[in-house]
Amino acid sequence: MTAYALAHLRPQPPLHEDVFTYMERIQDTMDPFGGRFLVHGTAPDVIEGPLEGAYVLIEFPDMDKARAWYESDAYQAILPMRTDNIEGAAVLLQGVPPGYDAAATAKAMRAAQNG
């Protein structure tokens, strides 16, 4: 099942040279794990709540590949170039299966909650 790496970043100009190097090298760390950018550095069109910064969304074939990419020696070698220079948070997210039904999920959650 598809998985995603999502980062919410708050860069402050001017960007450190390491950030550019990180950006130049990240794709090579993702390729062995089937990662591809869906969103990269996009400023959001905020429709609810306060959200400042930029977003990165990377798709992977599954959670094992996403975690293996993040934990890989290649990615860990460049990660400090970003984390030392840009505040933010990152998460790995499991996608939903084809045909996912939010109403069925709500029904199951309601039943579990009400015992």
# chains A, B, ... in the order shown; residues from 1 in each chain; ligands from 1
>>> residues_around(residues="A:Ser72", least_positions_apart="3", cutoff="12 Å", atoms="only C-alpha atoms", output="PDB file with N, CA, C and O atoms, in the first residue's frame")
ATOM      1  N   ILE A  26      19.002  14.790  -2.898  1.00  0.00           N
ATOM      2  CA  ILE A  26      17.937  13.969  -2.314  1.00  0.00           C
ATOM      3  C   ILE A  26      17.355  12.956  -3.293  1.00  0.00           C
ATOM      4  O   ILE A  26      17.071  11.820  -2.917  1.00  0.00           O
ATOM      5  N   ASP A  28      18.674  11.196  -5.604  1.00  0.00           N
ATOM      6  CA  ASP A  28      19.503   9.988  -5.680  1.00  0.00           C
ATOM      7  C   ASP A  28      19.286   9.077  -4.476  1.00  0.00           C
ATOM      8  O   ASP A  28      19.429   7.861  -4.587  1.00  0.00           O
ATOM      9  N   THR A  29      18.923   9.645  -3.319  1.00  0.00           N
ATOM     10  CA  THR A  29      18.655   8.805  -2.137  1.00  0.00           C
ATOM     11  C   THR A  29      17.295   8.138  -2.226  1.00  0.00           C
ATOM     12  O   THR A  29      17.076   7.082  -1.632  1.00  0.00           O
ATOM     13  N   MET A  30      16.368   8.741  -2.965  1.00  0.00           N
ATOM     14  CA  MET A  30      15.008   8.222  -3.082  1.00  0.00           C
ATOM     15  C   MET A  30      14.872   7.148  -4.153  1.00  0.00           C
ATOM     16  O   MET A  30      14.071   6.223  -4.019  1.00  0.00           O
ATOM     17  N   ASP A  31      15.646   7.260  -5.216  1.00  0.00           N
ATOM     18  CA  ASP A  31      15.505   6.377  -6.380  1.00  0.00           C
ATOM     19  C   ASP A  31      15.546   4.892  -6.028  1.00  0.00           C
ATOM     20  O   ASP A  31      14.696   4.128  -6.516  1.00  0.00           O
ATOM     21  N   PRO A  32      16.489   4.419  -5.185  1.00  0.00           N
ATOM     22  CA  PRO A  32      16.521   2.981  -4.898  1.00  0.00           C
ATOM     23  C   PRO A  32      15.276   2.460  -4.167  1.00  0.00           C
ATOM     24  O   PRO A  32      15.038   1.254  -4.132  1.00  0.00           O
ATOM     25  N   PHE A  33      14.482   3.368  -3.618  1.00  0.00           N
ATOM     26  CA  PHE A  33      13.311   2.980  -2.836  1.00  0.00           C
ATOM     27  C   PHE A  33      12.000   3.322  -3.553  1.00  0.00           C
ATOM     28  O   PHE A  33      10.922   3.215  -2.976  1.00  0.00           O
ATOM     29  N   ASP A  64       7.396   0.117   4.148  1.00  0.00           N
ATOM     30  CA  ASP A  64       8.734  -0.447   4.323  1.00  0.00           C
ATOM     31  C   ASP A  64       9.764   0.313   3.493  1.00  0.00           C
ATOM     32  O   ASP A  64      10.866   0.597   3.960  1.00  0.00           O
ATOM     33  N   LYS A  65       9.409   0.648   2.256  1.00  0.00           N
ATOM     34  CA  LYS A  65      10.327   1.403   1.394  1.00  0.00           C
ATOM     35  C   LYS A  65      10.514   2.829   1.912  1.00  0.00           C
ATOM     36  O   LYS A  65      11.626   3.353   1.884  1.00  0.00           O
ATOM     37  N   ALA A  66       9.450   3.456   2.400  1.00  0.00           N
ATOM     38  CA  ALA A  66       9.559   4.806   2.939  1.00  0.00           C
ATOM     39  C   ALA A  66      10.497   4.829   4.146  1.00  0.00           C
ATOM     40  O   ALA A  66      11.384   5.675   4.249  1.00  0.00           O
ATOM     41  N   ARG A  67      10.306   3.889   5.049  1.00  0.00           N
ATOM     42  CA  ARG A  67      11.151   3.829   6.252  1.00  0.00           C
ATOM     43  C   ARG A  67      12.588   3.475   5.886  1.00  0.00           C
ATOM     44  O   ARG A  67      13.544   4.043   6.415  1.00  0.00           O
ATOM     45  N   ALA A  68      12.764   2.538   4.938  1.00  0.00           N
ATOM     46  CA  ALA A  68      14.111   2.151   4.506  1.00  0.00           C
ATOM     47  C   ALA A  68      14.836   3.341   3.883  1.00  0.00           C
ATOM     48  O   ALA A  68      16.043   3.522   4.094  1.00  0.00           O
ATOM     49  N   TRP A  69      14.123   4.160   3.100  1.00  0.00           N
ATOM     50  CA  TRP A  69      14.732   5.367   2.537  1.00  0.00           C
ATOM     51  C   TRP A  69      15.174   6.299   3.653  1.00  0.00           C
ATOM     52  O   TRP A  69      16.326   6.738   3.671  1.00  0.00           O
ATOM     53  N   TYR A  75      20.536   8.725   2.810  1.00  0.00           N
ATOM     54  CA  TYR A  75      19.704   9.848   3.244  1.00  0.00           C
ATOM     55  C   TYR A  75      20.195  10.423   4.570  1.00  0.00           C
ATOM     56  O   TYR A  75      20.237  11.643   4.741  1.00  0.00           O
ATOM     57  N   GLN A  76      20.561   9.564   5.494  1.00  0.00           N
ATOM     58  CA  GLN A  76      21.059  10.052   6.783  1.00  0.00           C
ATOM     59  C   GLN A  76      22.303  10.924   6.609  1.00  0.00           C
ATOM     60  O   GLN A  76      22.524  11.847   7.390  1.00  0.00           O
ATOM     61  N   ALA A  77      23.104  10.659   5.575  1.00  0.00           N
ATOM     62  CA  ALA A  77      24.300  11.458   5.319  1.00  0.00           C
ATOM     63  C   ALA A  77      23.968  12.892   4.929  1.00  0.00           C
ATOM     64  O   ALA A  77      24.719  13.816   5.251  1.00  0.00           O
ATOM     65  N   ILE A  78      22.838  13.104   4.241  1.00  0.00           N
ATOM     66  CA  ILE A  78      22.490  14.464   3.812  1.00  0.00           C
ATOM     67  C   ILE A  78      21.466  15.131   4.718  1.00  0.00           C
ATOM     68  O   ILE A  78      21.309  16.348   4.680  1.00  0.00           O
ATOM     69  N   LEU A  79      20.768  14.373   5.537  1.00  0.00           N
ATOM     70  CA  LEU A  79      19.693  14.924   6.367  1.00  0.00           C
ATOM     71  C   LEU A  79      20.127  16.123   7.205  1.00  0.00           C
ATOM     72  O   LEU A  79      19.395  17.121   7.262  1.00  0.00           O
TER      73      LEU A  79
END
>>> residues_around(residues="A:Arg36", least_positions_apart="5", cutoff="7 Å", atoms="only C-alpha atoms", output="list in words")
Ile58, Glu59 and Phe60 of chain A
>>> atom_distance(atom1="atom CA of A:Pro61", atom2="atom CA of A:Pro80")
25.1 Å
>>> select_by_dssp(residues="chain A", states="strand (DSSP E)", output="VMD selection string")
chain A and resid 3 to 10 36 to 42 54 to 60 87 to 94
>>> select_by_dssp(residues="stretch 64-108 of chain A", states="alpha helix (DSSP H)", output="NGL selection string")
:A and (64-71 or 73-83 or 102-108)
>>> closest_residue(among="A:Gly35, A:Tyr70, A:Ala90, A:Glu24", to="A:Val56", atoms="only C-alpha atoms")
A:Ala90
>>> closest_residue(among="A:Gln94, A:Asn85, A:Asn114, A:Thr2", to="A:Glu17", atoms="only C-alpha atoms")
A:Asn85
>>> closest_residue(among="A:His16, A:Lys107, A:Arg82, A:His40", to="A:Tyr55", atoms="only C-alpha atoms")
A:His40
>>> atom_distance(atom1="atom CA of A:Asp84", atom2="atom CA of A:Thr42")
20.5 Å
>>> atom_distance(atom1="atom CA of A:Arg25", atom2="atom CA of A:Glu52")
25.5 Å
>>> closest_residue(among="A:Tyr22, A:Val96, A:Leu6, A:Pro44", to="A:Ala74", atoms="only C-alpha atoms")
A:Tyr22
>>> closest_residue(among="A:Pro11, A:Tyr4, A:Asp62, A:Pro50", to="A:Phe37", atoms="only C-alpha atoms")
A:Tyr4
